[in-house]
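Engineer: Sharing start18.txt (compact mmCIF, C-alpha atoms) below.
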```txt
# COMPACT_ATOMS: atom_id res chain seq x y z
CA MET H 29 20.61 16.42 -7.73
CA THR H 30 18.48 19.37 -8.70
CA THR H 31 16.81 21.83 -6.35
CA THR H 32 13.50 23.48 -7.15
CA PRO H 33 12.89 26.78 -5.31
CA ALA H 34 9.64 27.02 -3.40
CA PRO H 35 7.45 30.11 -3.56
CA ALA H 36 8.46 33.26 -1.67
CA THR H 37 9.45 31.65 1.63
CA GLY H 38 12.76 30.25 0.40
CA ALA H 39 11.94 26.67 1.36
CA THR H 40 13.22 24.07 -1.13
CA PHE H 41 12.42 20.58 -2.26
CA ALA H 42 15.50 18.60 -3.27
CA GLU H 43 14.79 16.10 -6.03
CA PRO H 44 16.48 12.73 -5.41
CA GLY H 45 18.99 11.67 -8.03
CA ALA H 46 18.09 9.02 -10.59
CA THR H 47 19.96 5.71 -10.57
CA PRO H 48 19.62 2.79 -13.00
CA LEU H 49 18.58 0.53 -10.13
CA ALA H 50 15.84 2.86 -8.93
CA LEU H 51 14.42 3.98 -12.27
CA LEU H 52 12.30 1.06 -13.42
CA LEU H 53 10.69 1.24 -16.82
CA LEU H 54 7.09 2.35 -16.60
CA GLY H 55 4.34 1.92 -19.15
CA ARG H 56 2.88 -1.15 -20.77
CA GLU H 57 5.64 -3.65 -20.12
CA ALA H 58 5.63 -5.60 -16.85
CA ASP H 59 8.29 -6.56 -14.34
CA THR H 60 7.65 -10.27 -14.79
CA ALA H 61 10.08 -11.18 -12.03
CA SER H 62 7.83 -9.78 -9.33
CA GLU H 63 4.53 -8.49 -10.65
CA ARG H 64 1.48 -9.88 -12.36
CA GLY H 65 2.64 -8.79 -15.79
CA VAL H 66 -0.76 -8.77 -17.48
CA ASP H 67 -0.84 -6.68 -20.64
CA CYS H 68 -3.79 -4.44 -21.41
CA PRO H 69 -5.74 -4.91 -24.64
CA GLY H 70 -6.48 -2.03 -26.97
CA GLU H 71 -4.42 0.94 -28.03
CA LEU H 72 -3.29 3.45 -25.44
CA PRO H 73 -3.01 7.13 -26.34
CA ALA H 74 0.58 8.19 -26.84
CA ALA H 75 2.18 9.53 -23.65
CA SER H 76 3.19 12.64 -25.58
CA ASP H 77 -0.36 13.41 -26.77
CA PRO H 78 -0.87 17.08 -25.82
CA ASP H 79 -4.62 16.58 -25.67
CA LEU H 80 -4.59 13.92 -22.93
CA VAL H 81 -5.86 16.22 -20.19
CA ALA H 82 -8.71 17.49 -22.38
CA ARG H 83 -9.57 13.94 -23.47
CA ALA H 84 -9.72 12.70 -19.87
CA ALA H 85 -11.92 15.63 -18.85
CA ALA H 86 -14.24 15.09 -21.81
CA ALA H 87 -14.64 11.37 -21.18
CA LYS H 88 -15.27 11.93 -17.49
CA ALA H 89 -17.85 14.61 -18.24
CA LYS H 90 -19.61 12.31 -20.72
CA LEU H 91 -19.83 9.55 -18.12
CA GLY H 92 -21.08 11.90 -15.38
CA ASP H 93 -22.31 10.18 -12.23
CA LYS H 94 -21.86 6.76 -13.84
CA VAL H 95 -18.14 6.87 -13.02
CA PHE H 96 -16.34 7.41 -9.71
CA ILE H 97 -12.56 7.79 -9.84
CA LEU H 98 -10.40 6.85 -6.86
CA GLY H 99 -6.81 8.10 -6.57
CA HIS H 100 -4.32 6.61 -4.12
CA HIS H 101 -1.91 9.00 -2.41
CA TYR H 102 1.03 7.49 -4.31
CA GLN H 103 -0.38 8.29 -7.75
CA ARG H 104 1.16 10.88 -10.04
CA ASP H 105 -0.33 14.37 -9.99
CA GLU H 106 -1.43 13.97 -13.62
CA VAL H 107 -3.78 11.21 -12.44
CA ILE H 108 -4.73 12.67 -9.06
CA GLN H 109 -6.19 15.75 -10.77
CA PHE H 110 -9.05 13.59 -12.11
CA ALA H 111 -9.74 11.69 -8.87
CA ASP H 112 -13.07 12.30 -7.16
CA VAL H 113 -11.49 11.28 -3.86
CA THR H 114 -7.94 10.56 -2.71
CA GLY H 115 -6.74 8.48 0.19
CA ASP H 116 -5.14 5.24 1.30
CA SER H 117 -6.33 1.89 0.03
CA PHE H 118 -9.01 1.13 2.63
CA LYS H 119 -10.43 4.67 2.70
CA LEU H 120 -10.82 4.54 -1.08
CA ALA H 121 -12.55 1.14 -1.00
CA ARG H 122 -15.00 2.46 1.60
CA ASP H 123 -15.56 5.62 -0.43
CA ALA H 124 -16.45 3.44 -3.42
CA ALA H 125 -18.92 1.46 -1.31
CA ALA H 126 -20.54 4.74 -0.29
CA ARG H 127 -21.32 5.59 -3.93
CA PRO H 128 -23.76 2.84 -5.00
CA GLU H 129 -25.13 5.04 -7.80
CA ALA H 130 -21.80 4.86 -9.67
CA GLU H 131 -21.84 2.04 -12.21
CA TYR H 132 -18.08 2.15 -12.74
CA ILE H 133 -15.39 2.51 -10.08
CA VAL H 134 -12.10 3.44 -11.74
CA PHE H 135 -9.43 2.61 -9.18
CA CYS H 136 -6.16 4.44 -9.73
CA GLY H 137 -4.12 2.25 -7.44
CA VAL H 138 -2.92 -1.35 -7.57
CA HIS H 139 -4.55 -4.75 -7.93
CA PHE H 140 -5.25 -5.65 -4.29
CA MET H 141 -6.92 -2.27 -3.77
CA ALA H 142 -9.28 -2.85 -6.69
CA GLU H 143 -10.09 -6.30 -5.27
CA SER H 144 -11.04 -4.73 -1.93
CA ALA H 145 -13.26 -2.24 -3.73
CA ASP H 146 -15.00 -5.09 -5.59
CA ILE H 147 -15.57 -6.91 -2.28
CA LEU H 148 -17.11 -3.86 -0.62
CA THR H 149 -19.21 -2.53 -3.53
CA THR H 150 -22.51 -3.87 -4.86
CA SER H 151 -22.86 -6.56 -7.50
CA ARG H 152 -24.17 -4.03 -10.06
CA GLN H 153 -20.98 -1.96 -9.83
CA GLN H 154 -17.89 -2.79 -11.84
CA VAL H 155 -14.38 -1.98 -10.64
CA VAL H 156 -11.91 -1.03 -13.37
CA LEU H 157 -8.11 -1.00 -12.98
CA PRO H 158 -6.63 1.11 -15.81
CA ASP H 159 -3.56 -1.15 -16.09
CA LEU H 160 -3.85 -4.79 -15.02
CA ALA H 161 -0.09 -4.93 -14.54
CA ALA H 162 -0.35 -2.50 -11.61
CA GLY H 163 0.30 -5.14 -8.99
CA CYS H 164 1.99 -4.94 -5.61
CA SER H 165 5.24 -6.76 -4.93
CA MET H 166 4.43 -6.97 -1.21
CA ALA H 167 1.02 -8.52 -1.82
CA ASP H 168 2.59 -10.96 -4.28
CA MET H 169 5.03 -12.16 -1.59
CA ALA H 170 2.27 -14.23 0.04
CA THR H 171 0.28 -16.63 -2.14
CA ALA H 172 -2.67 -18.71 -1.00
CA GLU H 173 -0.68 -21.92 -1.49
CA GLN H 174 2.25 -20.65 0.58
CA VAL H 175 0.05 -19.48 3.42
CA ALA H 176 -1.86 -22.78 3.46
CA GLU H 177 1.47 -24.59 3.75
CA CYS H 178 2.46 -22.30 6.62
CA TRP H 179 -0.78 -23.14 8.41
CA ASP H 180 0.01 -26.84 8.00
CA GLN H 181 3.32 -26.19 9.76
CA LEU H 182 1.45 -24.53 12.62
CA VAL H 183 -0.87 -27.54 12.84
CA ASP H 184 2.09 -29.93 12.89
CA ALA H 185 3.73 -27.86 15.65
CA GLY H 186 0.52 -28.11 17.68
CA VAL H 187 -0.06 -24.36 17.87
CA ALA H 188 -2.59 -23.63 15.12
CA ASP H 189 -5.48 -23.47 17.59
CA ALA H 190 -3.69 -20.69 19.46
CA VAL H 191 -2.85 -18.63 16.35
CA VAL H 192 -4.98 -15.76 15.06
CA PRO H 193 -4.08 -14.48 11.58
CA VAL H 194 -3.89 -10.73 10.99
CA ALA H 195 -3.49 -9.70 7.35
CA TYR H 196 -2.38 -6.27 6.31
CA MET H 197 -4.72 -4.45 3.93
CA ASN H 198 -1.90 -4.68 1.38
CA SER H 199 -2.67 -8.29 0.58
CA SER H 200 -4.56 -10.17 -2.10
CA ALA H 201 -8.21 -11.16 -1.80
CA ASP H 202 -7.07 -14.78 -1.38
CA ILE H 203 -5.02 -13.88 1.69
CA LYS H 204 -7.86 -11.81 3.14
CA ALA H 205 -10.15 -14.82 2.59
CA PHE H 206 -7.67 -17.13 4.35
CA THR H 207 -7.70 -14.72 7.27
CA GLY H 208 -11.49 -14.69 7.37
CA ARG H 209 -11.71 -18.49 7.23
CA HIS H 210 -9.43 -18.76 10.26
CA GLY H 211 -11.19 -16.18 12.40
CA GLY H 212 -8.75 -13.35 11.91
CA THR H 213 -8.94 -9.72 10.94
CA ILE H 214 -7.50 -7.23 8.49
CA CYS H 215 -5.53 -4.17 9.59
CA THR H 216 -4.21 -0.97 8.08
CA SER H 217 -1.05 0.86 9.10
CA SER H 218 -3.33 3.18 11.11
CA ASN H 219 -5.06 0.53 13.22
CA ALA H 220 -2.47 -2.27 13.38
CA LYS H 221 -2.07 -1.92 17.16
CA ARG H 222 -5.82 -2.18 17.71
CA ALA H 223 -5.98 -5.23 15.45
CA LEU H 224 -3.13 -6.95 17.32
CA GLU H 225 -4.69 -6.18 20.70
CA TRP H 226 -7.91 -7.81 19.51
CA ALA H 227 -6.02 -10.81 18.10
CA PHE H 228 -4.17 -11.45 21.36
CA GLU H 229 -7.51 -11.40 23.17
CA GLN H 230 -8.63 -14.25 20.89
CA GLY H 231 -5.46 -16.33 20.99
CA GLU H 232 -1.90 -16.62 22.22
CA LYS H 233 -0.08 -15.98 18.93
CA VAL H 234 -0.47 -13.94 15.77
CA LEU H 235 0.43 -14.86 12.21
CA PHE H 236 1.03 -11.45 10.63
CA LEU H 237 1.24 -11.21 6.87
CA PRO H 238 2.50 -10.19 4.42
CA ASP H 239 4.61 -7.26 5.77
CA GLN H 240 7.05 -8.31 8.45
CA HIS H 241 8.11 -4.73 9.22
CA LEU H 242 4.67 -3.36 10.09
CA GLY H 243 4.05 -6.42 12.27
CA ARG H 244 7.37 -6.17 14.07
CA ASN H 245 7.26 -2.41 14.55
CA THR H 246 3.72 -2.52 15.93
CA ALA H 247 4.38 -5.45 18.28
CA VAL H 248 7.67 -4.15 19.66
CA ARG H 249 7.22 -0.39 19.63
CA GLU H 250 3.55 -0.14 20.53
CA MET H 251 2.68 -3.30 22.44
CA GLY H 252 5.78 -3.98 24.52
CA LEU H 253 6.77 -7.28 22.95
CA SER H 254 10.46 -8.00 22.41
CA LEU H 255 12.30 -8.81 19.22
CA ASP H 256 12.80 -12.29 20.67
CA ASP H 257 9.04 -12.74 20.70
CA CYS H 258 9.08 -12.44 16.88
CA VAL H 259 10.12 -15.02 14.32
CA VAL H 260 10.10 -14.70 10.54
CA TYR H 261 8.45 -17.37 8.39
CA ASN H 262 10.23 -17.61 5.03
CA PRO H 263 7.98 -19.37 2.48
CA HIS H 264 11.00 -20.13 0.30
CA LYS H 265 12.68 -22.29 2.96
CA PRO H 266 11.65 -25.77 4.14
CA ASN H 267 9.23 -25.44 7.06
CA GLY H 268 9.53 -21.69 6.69
CA GLY H 269 13.07 -21.85 8.05
CA LEU H 270 11.68 -22.41 11.56
CA THR H 271 11.63 -25.32 13.96
CA ALA H 272 8.47 -26.49 15.70
CA GLN H 273 9.91 -25.22 18.97
CA GLN H 274 10.49 -21.75 17.53
CA LEU H 275 6.85 -21.66 16.46
CA ARG H 276 5.77 -22.74 19.95
CA ASP H 277 7.92 -20.09 21.64
CA ALA H 278 7.01 -17.19 19.35
CA LYS H 279 4.20 -14.71 19.96
CA MET H 280 4.48 -12.99 16.58
CA ILE H 281 5.00 -15.15 13.49
CA LEU H 282 5.93 -12.63 10.81
CA TRP H 283 5.63 -13.42 7.13
CA ARG H 284 8.79 -12.66 5.19
CA GLY H 285 7.37 -9.85 3.06
CA HIS H 286 8.11 -6.17 2.67
CA CYS H 287 7.36 -3.04 0.67
CA SER H 288 9.91 -2.45 -2.07
CA VAL H 289 9.62 1.32 -1.55
CA HIS H 290 9.82 1.56 2.23
CA GLY H 291 12.37 -1.24 2.42
CA ARG H 292 14.91 0.99 0.66
CA PHE H 293 15.25 3.48 3.50
CA SER H 294 18.28 2.93 5.72
CA VAL H 295 19.81 4.10 8.98
CA ASP H 296 22.59 5.64 6.89
CA ALA H 297 19.99 7.77 5.06
CA VAL H 298 18.65 8.98 8.41
CA ALA H 299 22.15 9.89 9.63
CA GLU H 300 22.98 11.62 6.33
CA VAL H 301 19.89 13.81 6.33
CA ARG H 302 20.45 14.81 9.95
CA GLU H 303 23.98 15.93 9.08
CA ARG H 304 22.85 17.72 5.93
CA ILE H 305 19.84 19.50 7.49
CA PRO H 306 20.38 20.42 11.15
CA GLY H 307 17.15 20.40 13.14
CA VAL H 308 15.30 18.18 10.66
CA THR H 309 12.46 15.95 11.86
CA VAL H 310 12.61 12.47 10.35
CA LEU H 311 9.13 11.03 9.77
CA VAL H 312 8.79 7.51 8.35
CA HIS H 313 6.11 4.97 7.53
CA PRO H 314 5.90 1.84 9.76
CA GLU H 315 6.57 -0.36 6.71
CA CYS H 316 10.20 0.73 7.07
CA LYS H 317 12.75 -1.60 8.68
CA HIS H 318 12.78 -1.70 12.48
CA GLU H 319 16.20 -0.04 12.76
CA VAL H 320 15.03 2.83 10.53
CA VAL H 321 11.88 3.32 12.57
CA GLU H 322 13.99 3.35 15.74
CA ALA H 323 16.29 6.00 14.26
CA ALA H 324 13.39 8.25 13.15
CA ASP H 325 11.71 10.95 15.22
CA MET H 326 8.13 10.12 14.21
CA VAL H 327 6.45 7.06 12.74
CA GLY H 328 3.00 6.78 11.21
CA SER H 329 0.69 5.79 8.40
CA THR H 330 0.23 7.74 5.19
CA GLU H 331 -2.69 9.64 6.69
CA TYR H 332 -0.64 10.32 9.84
CA ILE H 333 2.20 11.73 7.72
CA ILE H 334 -0.17 14.04 5.86
CA LYS H 335 -1.76 15.30 9.09
CA ALA H 336 1.65 15.81 10.72
CA LEU H 337 2.76 18.08 7.88
CA ASP H 338 -0.55 19.94 7.96
CA ALA H 339 -0.05 20.67 11.66
CA ALA H 340 3.67 21.48 11.47
CA GLU H 341 5.01 24.92 12.31
CA PRO H 342 6.03 27.21 9.43
CA GLY H 343 9.78 27.07 8.90
CA SER H 344 10.08 23.51 10.24
CA LYS H 345 12.24 20.97 8.41
CA TRP H 346 11.09 17.48 7.49
CA ALA H 347 12.65 14.38 5.93
CA ILE H 348 9.90 11.98 4.90
CA GLY H 349 10.39 8.25 4.44
CA THR H 350 7.57 7.20 2.14
CA GLU H 351 6.72 7.13 -1.58
CA LEU H 352 8.15 10.01 -3.62
CA ASN H 353 4.95 11.17 -5.33
CA LEU H 354 3.39 11.82 -1.93
CA VAL H 355 6.50 13.57 -0.60
CA ARG H 356 6.56 15.85 -3.65
CA ARG H 357 2.88 16.65 -3.17
CA LEU H 358 3.44 17.45 0.52
CA ALA H 359 6.35 19.74 -0.35
CA LYS H 360 4.21 21.57 -2.88
CA ALA H 361 1.31 21.88 -0.43
CA HIS H 362 3.57 23.28 2.32
CA PRO H 363 5.87 25.89 0.75
CA ASP H 364 6.39 27.44 4.21
CA LYS H 365 8.24 24.30 5.35
CA GLU H 366 11.33 22.51 4.10
CA VAL H 367 10.27 19.03 3.01
CA VAL H 368 12.80 16.55 1.61
CA PHE H 369 12.76 12.90 0.59
CA LEU H 370 14.64 10.72 3.08
CA ASP H 371 16.58 8.80 0.45
CA ARG H 372 18.90 10.47 -2.06
CA THR H 373 17.80 8.13 -4.85
CA VAL H 374 14.47 7.92 -6.66
CA CYS H 375 11.95 5.72 -4.87
CA PHE H 376 8.65 5.69 -6.72
CA CYS H 377 6.26 2.79 -6.34
CA SER H 378 6.94 1.46 -9.83
CA THR H 379 3.69 -0.48 -10.16
CA MET H 380 1.53 2.31 -8.73
CA ASN H 381 3.10 4.56 -11.37
CA ARG H 382 1.84 2.29 -14.12
CA ILE H 383 -1.50 4.07 -13.78
CA ASP H 384 -0.46 7.02 -15.90
CA LEU H 385 -2.55 9.50 -17.86
CA PRO H 386 -2.58 7.43 -21.11
CA HIS H 387 -3.97 4.41 -19.24
CA LEU H 388 -6.56 6.54 -17.45
CA VAL H 389 -7.66 8.19 -20.71
CA TRP H 390 -7.91 4.80 -22.41
CA ALA H 391 -10.04 3.41 -19.56
CA LEU H 392 -12.37 6.43 -19.43
CA GLU H 393 -12.81 6.64 -23.20
CA SER H 394 -13.51 2.91 -23.34
CA LEU H 395 -16.25 3.32 -20.72
CA ALA H 396 -17.66 6.35 -22.52
CA ASP H 397 -17.86 4.26 -25.72
CA GLY H 398 -19.71 1.45 -23.95
CA ARG H 399 -16.78 -0.93 -23.43
CA VAL H 400 -15.81 -1.95 -19.89
CA PRO H 401 -12.07 -2.75 -19.75
CA ASN H 402 -9.98 -4.46 -17.09
CA VAL H 403 -12.80 -5.41 -14.72
CA ILE H 404 -11.57 -6.72 -11.36
CA THR H 405 -13.83 -9.48 -10.04
CA VAL H 406 -13.44 -11.52 -6.87
CA ASP H 407 -15.19 -14.90 -6.89
CA PRO H 408 -18.13 -15.31 -4.45
CA ASP H 409 -16.46 -17.75 -2.05
CA THR H 410 -13.30 -15.65 -1.75
CA GLU H 411 -15.40 -12.53 -1.39
CA LYS H 412 -17.46 -14.08 1.42
CA TYR H 413 -14.49 -14.84 3.65
CA ALA H 414 -12.47 -11.77 2.71
CA LYS H 415 -15.45 -9.61 3.61
CA ALA H 416 -15.75 -11.44 6.94
CA ALA H 417 -12.19 -10.43 7.76
CA LEU H 418 -12.79 -6.85 6.60
CA ASP H 419 -16.02 -6.67 8.62
CA GLN H 420 -14.09 -7.86 11.67
CA MET H 421 -11.70 -4.96 11.21
CA LEU H 422 -14.62 -2.53 10.99
CA ALA H 423 -16.00 -4.00 14.22
CA LEU H 424 -12.77 -3.47 16.17
CA PRO H 425 -13.34 -1.34 19.28
```
Using structure tokens, write down the structure that the file contains.

Structural biologist:
Amino acid sequence: MTTTPAPATGATFAEPGATPLALLLLGREADTASERGVDCPGELPAASDPDLVARAAAAKAKLGDKVFILGHHYQRDEVIQFADVTGDSFKLARDAAARPEAEYIVFCGVHFMAESADILTTSRQQVVLPDLAAGCSMADMATAEQVAECWDQLVDAGVADAVVPVAYMNSSADIKAFTGRHGGTICTSSNAKRALEWAFEQGEKVLFLPDQHLGRNTAVREMGLSLDDCVVYNPHKPNGGLTAQQLRDAKMILWRGHCSVHGRFSVDAVAEVRERIPGVTVLVHPECKHEVVEAADMVGSTEYIIKALDAAEPGSKWAIGTELNLVRRLAKAHPDKEVVFLDRTVCFCSTMNRIDLPHLVWALESLADGRVPNVITVDPDTEKYAKAALDQMLALP
């Protein structure tokens, strides 16, 4: 472990140690076991090219108002420096929709985010993902076929009419469309409680997908349901691993999905950081496991985490349980506070990190030369129902 001194105040940011398990290879190759694994055509600039920053700036300047670059909070700083706006996935999609004059939306995020941007932008705009292999393992844990089979199980159990689907923003366009077709809504980690309250006004049960942890934490911690009210549907087991009676008794039917980053944090990590840094405040994302959320001091979305650090007292100590790029950026932005990563091992979002400076330069230079690479397009029928679910979220009181 290395420690980088912070300016003047003496606060430090401790870099997590690298382990073979945690350090996935980044670049052009794909993790075919879990991600989309689509290679990008064309030649990327070498990662060591010393002129990458200048080339990105020149291509962006040449494109002018024709291009609008979105940077998710989990992106590397080398990419974030070229973003016109930063934020979480839904904020960025809405920002893109608010810029109809931009012909090209370059989304520095992952695949499902670019799909949402395509759904919310106009037909004359094209959404570009600099690396098509930037998928999301959580979103990939629920396919349209699997969710349709789950719904058949609910029909067979006689409860489908009482179930309202709620899909997390971190899901594919197909899953959002399924949700729209069945009268449900989308939610973010910021408004999950509001979405569940609405859903329970419409029906007796909720099918929450694809992140079981956000669904469980919201239902139990914020809405007063019990852990016994929740069951987990496992798409890799016959009938989801559940009996018809379990489906009838449950109030929350949680899809067996999770975030590979937030799922790494443990109760042991919370105990270790408390022992190592007396007086530390542990702040975690609600995608963490229930026991981790219970052991933390504060729980909230990415935007909540950022605002909490902005409002924190100078000299305060924080252990943050979310993606490492964001934690590093928060530590840099708050040198008057001690900000550490909750886990001792590296925990980047490996697919988010695929959008590196060489991919961004390649995408921008391609656009500047009149070629439009890696366009993300959602078919009209899927877009119609996915947008219905997104519109329902926007209409939530």

Engineer: Leaving out range 125-139 of chain H and any residue of its chain fewer than 6 positions from it, which residues lie within 9 Å of it when counting all atoms listed in the file, given as a PyMOL selection string?

Structural biologist: chain H and resi 93-103+107-108+111+117+145-146+148-150+152-164+200+379-384+388+391-392+395+400+404

Engineer: Which residues are close to range 318-320 of chain H, i.e. within 6 Å by all atoms listed in the file, leaving aside same-chain residues fewer than 2 positions away? Reply as a PyMOL selection string.

Structural biologist: chain H and resi 245+294-295+322-323

Engineer: Give the answer as one residue: which of H:Asp277, H:Asp407, H:Glu225, H:Asp239 has the shortest atom-to-atom distance to Gly252 in chain H, using all atoms listed in the file?

Structural biologist: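 Closest residue, counting all atoms listed in the file: H:Glu225.
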
Engineer: Which residue gives the smallest distance to Val183 in chain H among H:Ser394, H:Asn198, H:Ser329, H:Asn267, with all atoms listed in the file counted?

Structural biologist: H:Asn267

Engineer: With distances taken over only C-alpha atoms, which residue among H:Asp325, H:Leu358, H:Ile147, H:Phe376 lies nearest Thr405 in chain H?

Structural biologist: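 Closest to Thr405 in chain H, using only C-alpha atoms: H:Ile147.
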
Engineer: Which neighbours of Thr171 in chain H fall inside 8 Å, counting all atoms listed in the file, when residues of the same chain fewer than 3 positions from it are skipped, and could you give them as an MDAnalysis selection string?

Structural biologist: chainID H and resid 168 174:175 202:203

Engineer: Quick check, in Å to one decimal: how far apart do CA of Glu411 in chain H and CA of Val260 in chain H lie?

Structural biologist: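 Computing the Euclidean distance for CA of Glu411 in chain H and CA of Val260 in chain H yields 28.2 Å.
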
Engineer: Pick the closest to Glu331 in chain H from H:Asp364, H:Ser199, H:Lys119, H:Gly212: which is it, counting all atoms listed in the file?

Structural biologist: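 Nearest to Glu331 in chain H: H:Lys119.
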
Engineer: Using CA of Ile334 in chain H and CA of Val113 in chain H as the two end points, give the distance in Å to one decimal.

Structural biologist: 15.2 Å

Engineer: Mind giving me the axis-aligned box for range 376-387 of chain H with 5 Å on every side, centre plus edges in Å to one decimal, as lines of an AutoDock Vina configuration file?

Structural biologist:
```
center_x = 2.3
center_y = 4.5
center_z = -13.7
size_x = 22.6
size_y = 20.0
size_z = 24.8
```

Engineer: Could I see range 141-158 of chain H restored to N, CA and C atoms, set down as a CSV table (one decimal), in the frame of the given file?

Structural biologist:
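Resulting contents of out_6.csv:
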```csv
chain,number,residue,atom,x,y,z
H,141,MET,N,-6.0,-3.3,-4.1
H,141,MET,CA,-6.9,-2.3,-3.8
H,141,MET,C,-8.2,-2.4,-4.6
H,142,ALA,N,-8.1,-2.7,-5.9
H,142,ALA,CA,-9.3,-2.8,-6.7
H,142,ALA,C,-10.1,-4.1,-6.2
H,143,GLU,N,-9.4,-5.1,-5.8
H,143,GLU,CA,-10.1,-6.3,-5.3
H,143,GLU,C,-10.9,-5.9,-4.0
H,144,SER,N,-10.3,-5.1,-3.1
H,144,SER,CA,-11.0,-4.7,-1.9
H,144,SER,C,-12.3,-3.9,-2.3
H,145,ALA,N,-12.1,-3.0,-3.3
H,145,ALA,CA,-13.3,-2.2,-3.7
H,145,ALA,C,-14.4,-3.1,-4.3
H,146,ASP,N,-14.0,-4.2,-5.0
H,146,ASP,CA,-15.0,-5.1,-5.6
H,146,ASP,C,-15.7,-5.8,-4.5
H,147,ILE,N,-15.0,-6.2,-3.4
H,147,ILE,CA,-15.6,-6.9,-2.3
H,147,ILE,C,-16.6,-6.0,-1.6
H,148,LEU,N,-16.3,-4.7,-1.4
H,148,LEU,CA,-17.1,-3.9,-0.6
H,148,LEU,C,-18.2,-3.2,-1.4
H,149,THR,N,-18.2,-3.2,-2.7
H,149,THR,CA,-19.2,-2.5,-3.5
H,149,THR,C,-20.3,-3.5,-3.9
H,150,THR,N,-21.4,-3.0,-4.5
H,150,THR,CA,-22.5,-3.9,-4.9
H,150,THR,C,-22.2,-4.7,-6.1
H,151,SER,N,-23.1,-5.7,-6.4
H,151,SER,CA,-22.9,-6.6,-7.5
H,151,SER,C,-23.1,-5.8,-8.8
H,152,ARG,N,-23.9,-4.7,-8.8
H,152,ARG,CA,-24.2,-4.0,-10.1
H,152,ARG,C,-23.0,-3.1,-10.4
H,153,GLN,N,-22.1,-2.9,-9.5
H,153,GLN,CA,-21.0,-2.0,-9.8
H,153,GLN,C,-19.8,-2.8,-10.4
H,154,GLN,N,-19.1,-2.1,-11.3
H,154,GLN,CA,-17.9,-2.8,-11.8
H,154,GLN,C,-16.7,-2.0,-11.5
H,155,VAL,N,-15.6,-2.6,-11.0
H,155,VAL,CA,-14.4,-2.0,-10.6
H,155,VAL,C,-13.4,-2.1,-11.8
H,156,VAL,N,-12.8,-1.0,-12.2
H,156,VAL,CA,-11.9,-1.0,-13.4
H,156,VAL,C,-10.5,-0.6,-12.9
H,157,LEU,N,-9.5,-1.4,-13.3
H,157,LEU,CA,-8.1,-1.0,-13.0
H,157,LEU,C,-7.5,-0.6,-14.3
H,158,PRO,N,-7.1,0.7,-14.5
H,158,PRO,CA,-6.6,1.1,-15.8
H,158,PRO,C,-5.5,0.3,-16.4
```
